[in-house]
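Containing mmCIF, C-alpha atoms: final-v7.cif.
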data_query
loop_
_atom_site.group_PDB
_atom_site.id
_atom_site.type_symbol
_atom_site.label_atom_id
_atom_site.label_comp_id
_atom_site.auth_asym_id
_atom_site.auth_seq_id
_atom_site.Cartn_x
_atom_site.Cartn_y
_atom_site.Cartn_z
ATOM 1 C CA MET A 1 -116.098 61.631 104.723
ATOM 2 C CA LYS A 2 -112.784 61.244 102.939
ATOM 3 C CA GLU A 3 -113.955 62.734 99.649
ATOM 4 C CA GLY A 4 -114.588 66.458 99.588
ATOM 5 C CA LEU A 5 -114.725 68.863 102.481
ATOM 6 C CA GLY A 6 -116.887 67.743 105.356
ATOM 7 C CA MET A 7 -118.729 69.968 107.797
ATOM 8 C CA VAL A 8 -116.133 69.533 110.517
ATOM 9 C CA ASP A 9 -113.304 70.256 108.115
ATOM 10 C CA SER A 10 -114.778 73.529 106.958
ATOM 11 C CA ILE A 11 -115.391 74.528 110.590
ATOM 12 C CA PHE A 12 -111.762 73.699 111.348
ATOM 13 C CA ILE A 13 -110.494 75.805 108.458
ATOM 14 C CA GLY A 14 -112.749 78.694 109.422
ATOM 15 C CA LEU A 15 -111.605 78.566 113.030
ATOM 16 C CA SER A 16 -107.944 78.441 111.970
ATOM 17 C CA VAL A 17 -108.322 81.496 109.761
ATOM 18 C CA LEU A 18 -110.214 83.338 112.507
ATOM 19 C CA THR A 19 -107.723 82.479 115.245
ATOM 20 C CA ILE A 20 -104.511 83.111 113.335
ATOM 21 C CA GLY A 21 -105.822 86.179 111.522
ATOM 22 C CA SER A 22 -107.040 87.871 114.658
ATOM 23 C CA ALA A 23 -103.863 86.926 116.542
ATOM 24 C CA LEU A 24 -101.868 88.652 113.815
ATOM 25 C CA PHE A 25 -104.190 91.657 113.863
ATOM 26 C CA ALA A 26 -103.875 91.862 117.668
ATOM 27 C CA LEU A 27 -100.158 92.437 117.249
ATOM 28 C CA GLU A 28 -100.220 94.558 114.111
ATOM 29 C CA SER A 29 -103.276 96.810 114.430
ATOM 30 C CA ARG A 30 -102.644 100.543 114.501
ATOM 31 C CA GLU A 31 -104.844 101.278 117.490
ATOM 32 C CA ILE A 32 -104.182 99.079 120.453
ATOM 33 C CA ILE A 33 -107.830 98.920 121.520
ATOM 34 C CA TYR A 34 -108.761 97.155 118.291
ATOM 35 C CA GLY A 35 -105.855 94.853 119.029
ATOM 36 C CA ALA A 36 -107.384 94.044 122.424
ATOM 37 C CA ILE A 37 -110.751 93.212 120.884
ATOM 38 C CA SER A 38 -109.005 91.155 118.217
ATOM 39 C CA LEU A 39 -107.153 89.222 120.924
ATOM 40 C CA ALA A 40 -110.516 88.396 122.515
ATOM 41 C CA ILE A 41 -111.758 87.103 119.156
ATOM 42 C CA SER A 42 -108.644 84.975 118.839
ATOM 43 C CA MET A 43 -109.316 83.475 122.288
ATOM 44 C CA LEU A 44 -112.859 82.769 121.121
ATOM 45 C CA GLY A 45 -111.404 80.886 118.174
ATOM 46 C CA ILE A 46 -109.289 78.804 120.560
ATOM 47 C CA ALA A 47 -112.448 78.023 122.530
ATOM 48 C CA GLY A 48 -113.983 76.859 119.250
ATOM 49 C CA PHE A 49 -111.044 74.488 118.802
ATOM 50 C CA PHE A 50 -111.697 73.162 122.315
ATOM 51 C CA ILE A 51 -115.299 72.422 121.384
ATOM 52 C CA LEU A 52 -114.066 70.731 118.203
ATOM 53 C CA LEU A 53 -111.835 68.577 120.414
ATOM 54 C CA ASP A 54 -114.847 67.453 122.495
ATOM 55 C CA SER A 55 -113.958 69.440 125.617
ATOM 56 C CA PRO A 56 -116.893 71.817 126.054
ATOM 57 C CA PHE A 57 -116.224 72.373 129.753
ATOM 58 C CA VAL A 58 -112.759 73.784 129.132
ATOM 59 C CA ALA A 59 -114.168 75.806 126.238
ATOM 60 C CA MET A 60 -116.721 77.435 128.530
ATOM 61 C CA PHE A 61 -113.999 78.111 131.091
ATOM 62 C CA GLN A 62 -111.856 79.660 128.379
ATOM 63 C CA ILE A 63 -114.682 81.925 127.233
ATOM 64 C CA ALA A 64 -115.507 82.958 130.813
ATOM 65 C CA VAL A 65 -111.922 83.723 131.750
ATOM 66 C CA TYR A 66 -110.416 85.078 128.549
ATOM 67 C CA VAL A 67 -113.288 86.737 126.749
ATOM 68 C CA GLY A 68 -115.090 87.655 129.952
ATOM 69 C CA ALA A 69 -112.356 88.724 132.332
ATOM 70 C CA VAL A 70 -109.004 89.153 130.623
ATOM 71 C CA ALA A 71 -110.338 90.985 127.569
ATOM 72 C CA VAL A 72 -112.311 93.426 129.719
ATOM 73 C CA LEU A 73 -109.269 93.969 131.934
ATOM 74 C CA VAL A 74 -107.026 94.621 128.934
ATOM 75 C CA ILE A 75 -109.511 97.024 127.337
ATOM 76 C CA PHE A 76 -109.847 98.860 130.635
ATOM 77 C CA ILE A 77 -106.069 99.210 130.977
ATOM 78 C CA VAL A 78 -105.762 100.368 127.360
ATOM 79 C CA MET A 79 -108.305 103.071 128.077
ATOM 80 C CA LEU A 80 -106.458 104.084 131.252
ATOM 81 C CA VAL A 81 -103.154 104.620 129.490
ATOM 82 C CA ARG A 82 -104.639 106.053 126.334
ATOM 83 C CA THR A 83 -102.330 108.831 125.228
ATOM 84 C CA GLN A 84 -100.144 109.592 122.310
ATOM 85 C CA ALA A 85 -97.789 106.970 123.740
ATOM 86 C CA LEU A 86 -100.000 104.322 122.241
ATOM 87 C CA PHE A 87 -99.637 105.589 118.704
ATOM 88 C CA SER A 88 -95.894 105.919 118.516
ATOM 89 C CA SER A 89 -94.513 102.978 116.629
ATOM 90 C CA LYS A 90 -90.791 103.157 117.148
ATOM 91 C CA GLU A 91 -89.829 99.682 116.126
ATOM 92 C CA ASP A 92 -86.970 99.692 113.686
ATOM 93 C CA ARG A 93 -86.965 97.890 110.383
ATOM 94 C CA GLY A 94 -84.042 95.574 111.034
ATOM 95 C CA ARG A 95 -85.525 94.312 114.256
ATOM 96 C CA GLN A 96 -88.821 93.609 112.524
ATOM 97 C CA ILE A 97 -87.159 91.609 109.754
ATOM 98 C CA ALA A 98 -85.013 89.741 112.270
ATOM 99 C CA GLY A 99 -88.084 88.845 114.341
ATOM 100 C CA LEU A 100 -89.970 87.730 111.244
ATOM 101 C CA ILE A 101 -87.093 85.520 110.078
ATOM 102 C CA PHE A 102 -86.583 84.056 113.536
ATOM 103 C CA SER A 103 -90.240 83.213 114.072
ATOM 104 C CA ILE A 104 -90.607 81.678 110.600
ATOM 105 C CA LEU A 105 -87.467 79.610 111.151
ATOM 106 C CA MET A 106 -88.863 78.478 114.481
ATOM 107 C CA MET A 107 -92.190 77.515 112.918
ATOM 108 C CA ILE A 108 -90.428 75.580 110.139
ATOM 109 C CA GLY A 109 -88.168 73.835 112.638
ATOM 110 C CA ILE A 110 -90.973 72.718 114.932
ATOM 111 C CA GLY A 111 -93.065 71.838 111.882
ATOM 112 C CA ILE A 112 -90.343 69.560 110.487
ATOM 113 C CA VAL A 113 -89.994 67.839 113.841
ATOM 114 C CA LEU A 114 -93.787 67.390 114.082
ATOM 115 C CA LEU A 115 -94.258 66.135 110.545
ATOM 116 C CA SER A 116 -91.398 63.684 110.738
ATOM 117 C CA SER A 117 -92.693 62.289 114.019
ATOM 118 C CA GLU A 118 -95.374 59.663 114.473
ATOM 119 C CA PHE A 119 -97.994 62.251 115.448
ATOM 120 C CA SER A 120 -99.471 62.280 111.945
ATOM 121 C CA LYS A 121 -100.465 58.623 112.332
ATOM 122 C CA VAL A 122 -102.094 58.898 115.754
ATOM 123 C CA GLU A 123 -105.547 57.357 115.850
ATOM 124 C CA SER A 124 -108.160 59.010 118.007
ATOM 125 C CA ASN A 125 -109.054 57.164 121.173
ATOM 126 C CA PRO A 126 -112.727 56.812 122.044
ATOM 127 C CA LEU A 127 -114.287 59.716 123.868
ATOM 128 C CA VAL A 128 -114.324 59.533 127.647
ATOM 129 C CA ASP A 129 -117.841 59.294 128.973
ATOM 130 C CA LYS A 130 -118.988 61.438 131.925
ATOM 131 C CA MET A 131 -116.074 63.723 131.227
ATOM 132 C CA VAL A 132 -117.071 66.607 133.458
ATOM 133 C CA ASN A 133 -117.585 64.235 136.376
ATOM 134 C CA LYS A 134 -114.104 62.882 135.873
ATOM 135 C CA ILE A 135 -112.624 66.375 135.648
ATOM 136 C CA GLY A 136 -114.278 67.279 138.939
ATOM 137 C CA ASN A 137 -113.090 64.086 140.575
ATOM 138 C CA GLU A 138 -109.520 64.605 139.428
ATOM 139 C CA MET A 139 -109.529 68.211 140.493
ATOM 140 C CA LEU A 140 -110.797 67.551 143.996
ATOM 141 C CA THR A 141 -108.926 64.333 144.766
ATOM 142 C CA TYR A 142 -105.575 63.888 143.076
ATOM 143 C CA TYR A 143 -105.058 67.546 142.189
ATOM 144 C CA SER A 144 -106.530 69.011 145.393
ATOM 145 C CA PRO A 145 -103.195 70.426 146.654
ATOM 146 C CA ALA A 146 -102.718 72.126 143.298
ATOM 147 C CA PHE A 147 -106.297 73.357 143.482
ATOM 148 C CA ILE A 148 -105.740 74.941 146.905
ATOM 149 C CA LEU A 149 -102.463 76.444 145.765
ATOM 150 C CA LEU A 150 -104.226 77.824 142.705
ATOM 151 C CA ALA A 151 -106.850 79.498 144.876
ATOM 152 C CA LEU A 152 -104.140 81.035 147.040
ATOM 153 C CA THR A 153 -102.225 82.163 143.954
ATOM 154 C CA LEU A 154 -105.297 83.841 142.509
ATOM 155 C CA ALA A 155 -106.045 85.618 145.778
ATOM 156 C CA GLY A 156 -102.419 86.653 146.113
ATOM 157 C CA SER A 157 -102.223 87.955 142.572
ATOM 158 C CA ILE A 158 -105.404 89.985 142.979
ATOM 159 C CA ILE A 159 -104.178 91.496 146.242
ATOM 160 C CA GLY A 160 -100.782 92.100 144.660
ATOM 161 C CA ALA A 161 -102.284 93.783 141.617
ATOM 162 C CA LEU A 162 -104.465 95.989 143.824
ATOM 163 C CA SER A 163 -101.597 97.020 146.061
ATOM 164 C CA LEU A 164 -99.336 97.637 143.066
ATOM 165 C CA ALA A 165 -101.840 99.801 141.261
ATOM 166 C CA ARG A 166 -103.115 101.940 144.108
ATOM 167 C CA ARG A 167 -101.908 105.463 144.601
ATOM 168 C CA GLU A 168 -100.294 106.342 147.890
ATOM 169 C CA ASP A 169 -101.297 109.974 147.800
ATOM 170 C CA GLN A 170 -104.990 109.323 147.655
ATOM 171 C CA ASN A 171 -107.356 108.447 150.459
ATOM 172 C CA SER A 172 -109.538 105.451 150.020
ATOM 173 C CA ASP A 173 -113.238 105.722 150.612
ATOM 174 C CA THR A 174 -113.023 103.910 153.923
ATOM 175 C CA ASP A 175 -110.885 106.582 155.545
ATOM 176 C CA ASN A 176 -112.399 108.426 158.459
ATOM 177 C CA ASP A 177 -113.202 112.096 158.645
ATOM 178 C CA PHE A 178 -109.985 112.981 160.388
ATOM 179 C CA ALA A 179 -107.912 111.697 157.495
ATOM 180 C CA ALA A 180 -110.099 113.576 155.048
ATOM 181 C CA GLU A 181 -109.555 116.799 157.036
ATOM 182 C CA GLU A 182 -105.841 116.155 157.076
ATOM 183 C CA SER A 183 -105.739 115.697 153.327
ATOM 184 C CA LEU A 184 -107.782 118.852 152.898
ATOM 185 C CA LYS A 185 -105.175 120.840 154.769
ATOM 186 C CA PHE A 186 -102.453 119.673 152.464
ATOM 187 C CA SER A 187 -104.404 119.599 149.269
ATOM 188 C CA ASN A 188 -103.466 123.134 148.240
ATOM 189 C CA SER A 189 -99.767 122.691 148.789
ATOM 190 C CA ALA A 190 -97.574 121.441 146.021
ATOM 191 C CA GLU A 191 -97.067 117.994 147.421
ATOM 192 C CA GLY A 192 -99.886 115.587 147.904
ATOM 193 C CA TYR A 193 -100.315 115.022 144.219
ATOM 194 C CA GLY A 194 -98.173 112.208 142.989
ATOM 195 C CA ASN A 195 -94.428 112.141 143.068
ATOM 196 C CA SER A 196 -92.235 114.718 141.434
ATOM 197 C CA ARG A 197 -92.183 112.881 138.113
ATOM 198 C CA MET A 198 -95.924 113.096 137.845
ATOM 199 C CA THR A 199 -95.954 116.848 138.181
ATOM 200 C CA GLU A 200 -93.131 117.671 135.831
ATOM 201 C CA ASP A 201 -95.446 117.626 132.842
ATOM 202 C CA PRO A 202 -98.815 118.984 133.957
ATOM 203 C CA HIS A 203 -100.310 118.911 130.478
ATOM 204 C CA VAL A 204 -99.866 115.180 130.073
ATOM 205 C CA ALA A 205 -100.907 114.633 133.666
ATOM 206 C CA GLN A 206 -104.207 116.323 133.017
ATOM 207 C CA ASP A 207 -104.820 114.352 129.885
ATOM 208 C CA ASP A 208 -104.665 110.993 131.479
ATOM 209 C CA PHE A 209 -107.553 109.494 133.293
ATOM 210 C CA LEU A 210 -105.768 108.840 136.579
ATOM 211 C CA GLY A 211 -104.831 112.479 136.941
ATOM 212 C CA GLN A 212 -108.341 113.613 136.177
ATOM 213 C CA LYS A 213 -109.753 111.275 138.756
ATOM 214 C CA SER A 214 -107.550 112.529 141.543
ATOM 215 C CA GLN A 215 -108.296 116.141 140.652
ATOM 216 C CA LYS A 216 -111.985 115.481 140.610
ATOM 217 C CA LYS A 217 -111.787 113.874 143.993
ATOM 218 C CA ARG A 218 -109.973 116.829 145.469
ATOM 219 C CA SER A 219 -112.471 119.343 144.147
ATOM 220 C CA PHE A 220 -115.251 117.205 145.515
ATOM 221 C CA THR A 221 -113.780 117.259 149.010
ATOM 222 C CA LYS A 222 -113.409 121.014 148.768
ATOM 223 C CA LEU A 223 -117.020 121.275 147.779
ATOM 224 C CA GLY A 224 -118.014 119.112 150.712
ATOM 225 C CA ARG A 225 -116.235 121.364 153.110
ATOM 226 C CA PHE A 226 -117.823 124.409 151.576
ATOM 227 C CA LYS A 227 -121.234 122.909 152.071
ATOM 228 C CA ILE A 228 -120.478 122.113 155.695
ATOM 229 C CA LYS A 229 -119.517 125.718 156.314
ATOM 230 C CA MET B 1 -108.824 67.243 108.605
ATOM 231 C CA THR B 2 -109.340 67.118 112.343
ATOM 232 C CA GLU B 3 -106.310 64.973 112.993
ATOM 233 C CA LEU B 4 -103.939 65.567 115.854
ATOM 234 C CA ILE B 5 -101.265 66.906 113.518
ATOM 235 C CA ASN B 6 -103.520 69.721 112.283
ATOM 236 C CA PHE B 7 -104.112 71.047 115.777
ATOM 237 C CA LEU B 8 -100.391 70.822 116.491
ATOM 238 C CA THR B 9 -99.724 72.832 113.307
ATOM 239 C CA ILE B 10 -102.144 75.564 114.367
ATOM 240 C CA SER B 11 -100.487 75.619 117.773
ATOM 241 C CA THR B 12 -97.039 75.934 116.176
ATOM 242 C CA ILE B 13 -98.175 78.849 114.021
ATOM 243 C CA LEU B 14 -99.614 80.599 117.089
ATOM 244 C CA VAL B 15 -96.357 80.134 118.995
ATOM 245 C CA GLY B 16 -94.477 81.590 116.038
ATOM 246 C CA ILE B 17 -96.767 84.628 115.966
ATOM 247 C CA GLY B 18 -96.310 85.097 119.712
ATOM 248 C CA VAL B 19 -92.520 84.894 119.503
ATOM 249 C CA TYR B 20 -92.553 87.380 116.631
ATOM 250 C CA GLY B 21 -94.587 89.756 118.783
ATOM 251 C CA LEU B 22 -92.273 89.359 121.754
ATOM 252 C CA ILE B 23 -89.204 90.089 119.626
ATOM 253 C CA VAL B 24 -90.505 92.964 117.533
ATOM 254 C CA LYS B 25 -92.973 94.871 119.667
ATOM 255 C CA ARG B 26 -91.761 97.342 122.255
ATOM 256 C CA ASN B 27 -95.197 98.296 123.507
ATOM 257 C CA ALA B 28 -95.652 96.660 126.925
ATOM 258 C CA ILE B 29 -99.356 95.883 126.417
ATOM 259 C CA ARG B 30 -98.662 94.293 123.056
ATOM 260 C CA MET B 31 -96.003 92.125 124.630
ATOM 261 C CA ILE B 32 -98.623 90.908 127.103
ATOM 262 C CA PHE B 33 -100.834 90.089 124.094
ATOM 263 C CA ALA B 34 -97.983 88.032 122.638
ATOM 264 C CA ILE B 35 -97.528 86.150 125.918
ATOM 265 C CA GLU B 36 -101.268 85.396 125.954
ATOM 266 C CA ILE B 37 -101.116 84.023 122.415
ATOM 267 C CA ILE B 38 -98.231 81.708 123.370
ATOM 268 C CA ALA B 39 -100.081 80.520 126.494
ATOM 269 C CA ASN B 40 -103.168 79.743 124.427
ATOM 270 C CA ALA B 41 -101.122 77.781 121.913
ATOM 271 C CA ALA B 42 -99.836 75.654 124.795
ATOM 272 C CA ASN B 43 -103.397 75.125 126.046
ATOM 273 C CA LEU B 44 -104.499 74.041 122.568
ATOM 274 C CA ASN B 45 -101.687 71.495 122.509
ATOM 275 C CA LEU B 46 -102.690 70.130 125.904
ATOM 276 C CA ILE B 47 -106.337 69.754 124.912
ATOM 277 C CA ALA B 48 -105.462 68.126 121.589
ATOM 278 C CA PHE B 49 -103.246 65.528 123.248
ATOM 279 C CA SER B 50 -105.847 65.002 125.962
ATOM 280 C CA ARG B 51 -108.484 64.251 123.320
ATOM 281 C CA TYR B 52 -106.332 61.914 121.266
ATOM 282 C CA LEU B 53 -105.068 60.007 124.302
ATOM 283 C CA GLY B 54 -108.610 59.625 125.629
ATOM 284 C CA ASP B 55 -107.740 61.057 129.020
ATOM 285 C CA VAL B 56 -109.032 63.969 131.103
ATOM 286 C CA GLN B 57 -105.702 64.857 132.748
ATOM 287 C CA GLY B 58 -104.874 67.314 129.989
ATOM 288 C CA GLN B 59 -108.168 69.118 130.496
ATOM 289 C CA VAL B 60 -107.567 69.458 134.242
ATOM 290 C CA LEU B 61 -104.095 70.814 133.527
ATOM 291 C CA THR B 62 -105.544 73.278 131.019
ATOM 292 C CA LEU B 63 -108.042 74.546 133.587
ATOM 293 C CA PHE B 64 -105.161 75.257 135.971
ATOM 294 C CA ALA B 65 -103.134 76.866 133.187
ATOM 295 C CA ILE B 66 -105.997 79.187 132.200
ATOM 296 C CA ALA B 67 -106.473 80.330 135.797
ATOM 297 C CA ILE B 68 -102.746 80.989 136.237
ATOM 298 C CA ALA B 69 -102.644 82.907 132.946
ATOM 299 C CA ALA B 70 -105.478 85.112 134.216
ATOM 300 C CA ALA B 71 -103.538 85.858 137.409
ATOM 301 C CA GLU B 72 -100.443 86.622 135.361
ATOM 302 C CA VAL B 73 -102.336 89.075 133.163
ATOM 303 C CA ALA B 74 -103.684 90.882 136.242
ATOM 304 C CA VAL B 75 -100.226 91.334 137.743
ATOM 305 C CA GLY B 76 -98.651 92.203 134.390
ATOM 306 C CA LEU B 77 -101.190 94.910 133.662
ATOM 307 C CA ALA B 78 -100.758 96.324 137.178
ATOM 308 C CA ILE B 79 -97.015 96.555 136.523
ATOM 309 C CA VAL B 80 -97.732 98.305 133.210
ATOM 310 C CA ILE B 81 -99.916 100.821 135.043
ATOM 311 C CA ILE B 82 -97.198 101.632 137.585
ATOM 312 C CA ALA B 83 -94.554 101.921 134.886
ATOM 313 C CA TYR B 84 -96.862 104.202 132.912
ATOM 314 C CA ARG B 85 -97.388 106.335 136.010
ATOM 315 C CA LEU B 86 -93.660 106.655 136.557
ATOM 316 C CA TYR B 87 -92.472 107.121 132.979
ATOM 317 C CA LYS B 88 -95.569 108.377 131.125
ATOM 318 C CA GLU B 89 -94.679 105.775 128.520
ATOM 319 C CA ILE B 90 -95.518 102.166 127.784
ATOM 320 C CA ASP B 91 -92.545 101.657 125.498
ATOM 321 C CA VAL B 92 -90.374 99.081 127.256
ATOM 322 C CA ALA B 93 -87.194 100.615 125.851
ATOM 323 C CA GLU B 94 -87.922 103.695 127.978
ATOM 324 C CA TYR B 95 -87.975 101.763 131.240
ATOM 325 C CA ARG B 96 -84.351 102.574 131.875
ATOM 326 C CA SER B 97 -84.148 102.037 135.612
ATOM 327 C CA LEU B 98 -85.154 98.406 135.177
ATOM 328 C CA ARG B 99 -81.997 97.842 133.148
ATOM 329 C CA GLY B 100 -79.154 96.029 134.827
#

Mind turning this structure into structure tokens?
Amino acid sequence: MKEGLGMVDSIFIGLSVLTIGSALFALESREIIYGAISLAISMLGIAGFFILLDSPFVAMFQIAVYVGAVAVLVIFIVMLVRTQALFSSKEDRGRQIAGLIFSILMMIGIGIVLLSSEFSKVESNPLVDKMVNKIGNEMLTYYSPAFILLALTLAGSIIGALSLARREDQNSDTDNDFAAEESLKFSNSAEGYGNSRMTEDPHVAQDDFLGQKSQKKRSFTKLGRFKIK
Amino acid sequence: MTELINFLTISTILVGIGVYGLIVKRNAIRMIFAIEIIANAANLNLIAFSRYLGDVQGQVLTLFAIAIAAAEVAVGLAIVIIAYRLYKEIDVAEYRSLRG
């Protein structure tokens, strides 16, 4: 095992190149949507490291959450805000060099601390047997308050994200007919479509997906009324 | 090759990349990417130590950390959407009213 490059070693090197390369590409790609996909690939590489470290359960969780949920969410948001704003790269040269120097200095500093520590001589302990059982036991006994808090946090964050991202000027689908009639009355007037900042540039407002959606909805309600007549 | 120190090195490099992104990038979505990279480097550290100590506590902690990171991304992207709606811009230097 010591001579030459073993199977596990080559997998490790491949995963490192994949993870670090796609993390760099996620930050440096010209189009942000390729960056989002590249971030998902980087998370996949991290999941590969988890499998290499004999924790397949966490690896599956990582794939389900990051590649399944977060990547799709990010790609969806990128498509929602897709305008020329995404292509303007206004970062100045000095800032870039300063960031590069700072991050390299930080890497070297932490690296010196790590290499001079005893971590390079750590021997691997034997693998825990029935690992998933133990994880479940820990999670539901000792960590059960944290587990409940986590569930509440997730629910709260989802409700918070929904209430942050909804538009006040738009009726939800559960509104009754009276509210729809009310909105119909006001739909032709100037207000009722976003705040004043939204309307100051109608060209941009039409380009973006949110604006299109609200306009489509309004024309649909008009059509519905026409049919009723 | 698969010693503890190698995983810690990879984790250090990822943290460096994430800090670089947070300093240089002014695009709000790219800053969220950088935060995700840093969070994943921390998770990799936790799992590596958990494996080499022969304990499952690190894995439990990583499961919690992944779930919290997902919640954080949801809220962060919702904030980006509102800011985009207000400013028509996802450049954080343009978010002037958030300045103190």

task: Name the residues captured by the PyMOL selection byres ((chain B and resi 8) around 10) when it is applied to the shown file; answer as a ChimeraX atom specification.
output: /A:110-111,114-115,119-120 /B:3-7,9-14,41-42,44-46,48-49

message: Just the number, please: distance in Å from CA of Gly54 (chain B) to CA of Ile135 (chain A), one decimal.
response: 12.7 Å

message: Using the chain letters and numbers from this file, what does the PyMOL selection byres ((chain B) within 6 of (chain A)) select? Give the answer as a list in words.
response: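 With the PyMOL selection byres ((chain B) within 6 of (chain A)) on this model, the match is Met1, Ile5, Gly16, Tyr20, Ile23, Val24, Tyr52, Leu53, Gly54, Ala71, Val75, Ala78 and Glu89 of chain B.
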
message: Please compute the CA of Tyr87 (chain B)-CA of Ile68 (chain B) distance, one decimal, in Å.
response: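 It comes out at 28.3 Å.
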
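Residues lying within 9 Å of Ala28 (chain B), counting all atoms listed in the file and ignoring same-chain neighbours fewer than 5 positions away, are B:Phe33, B:Leu77, B:Val80, B:Ile90, B:Asp91, B:Val92.
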
Around region 125-131 of chain A, fit a box with edges along x, y and z, padding it by 3 Å on each side, then list its centre and edge lengths in Å to one decimal as JSON.
{"center_x": -114.0, "center_y": 60.3, "center_z": 126.5, "size_x": 15.9, "size_y": 12.9, "size_z": 16.8}

query: What is the CA of Val113 (chain A) to CA of Asn40 (chain B) distance in Å?
result: 20.7 Å
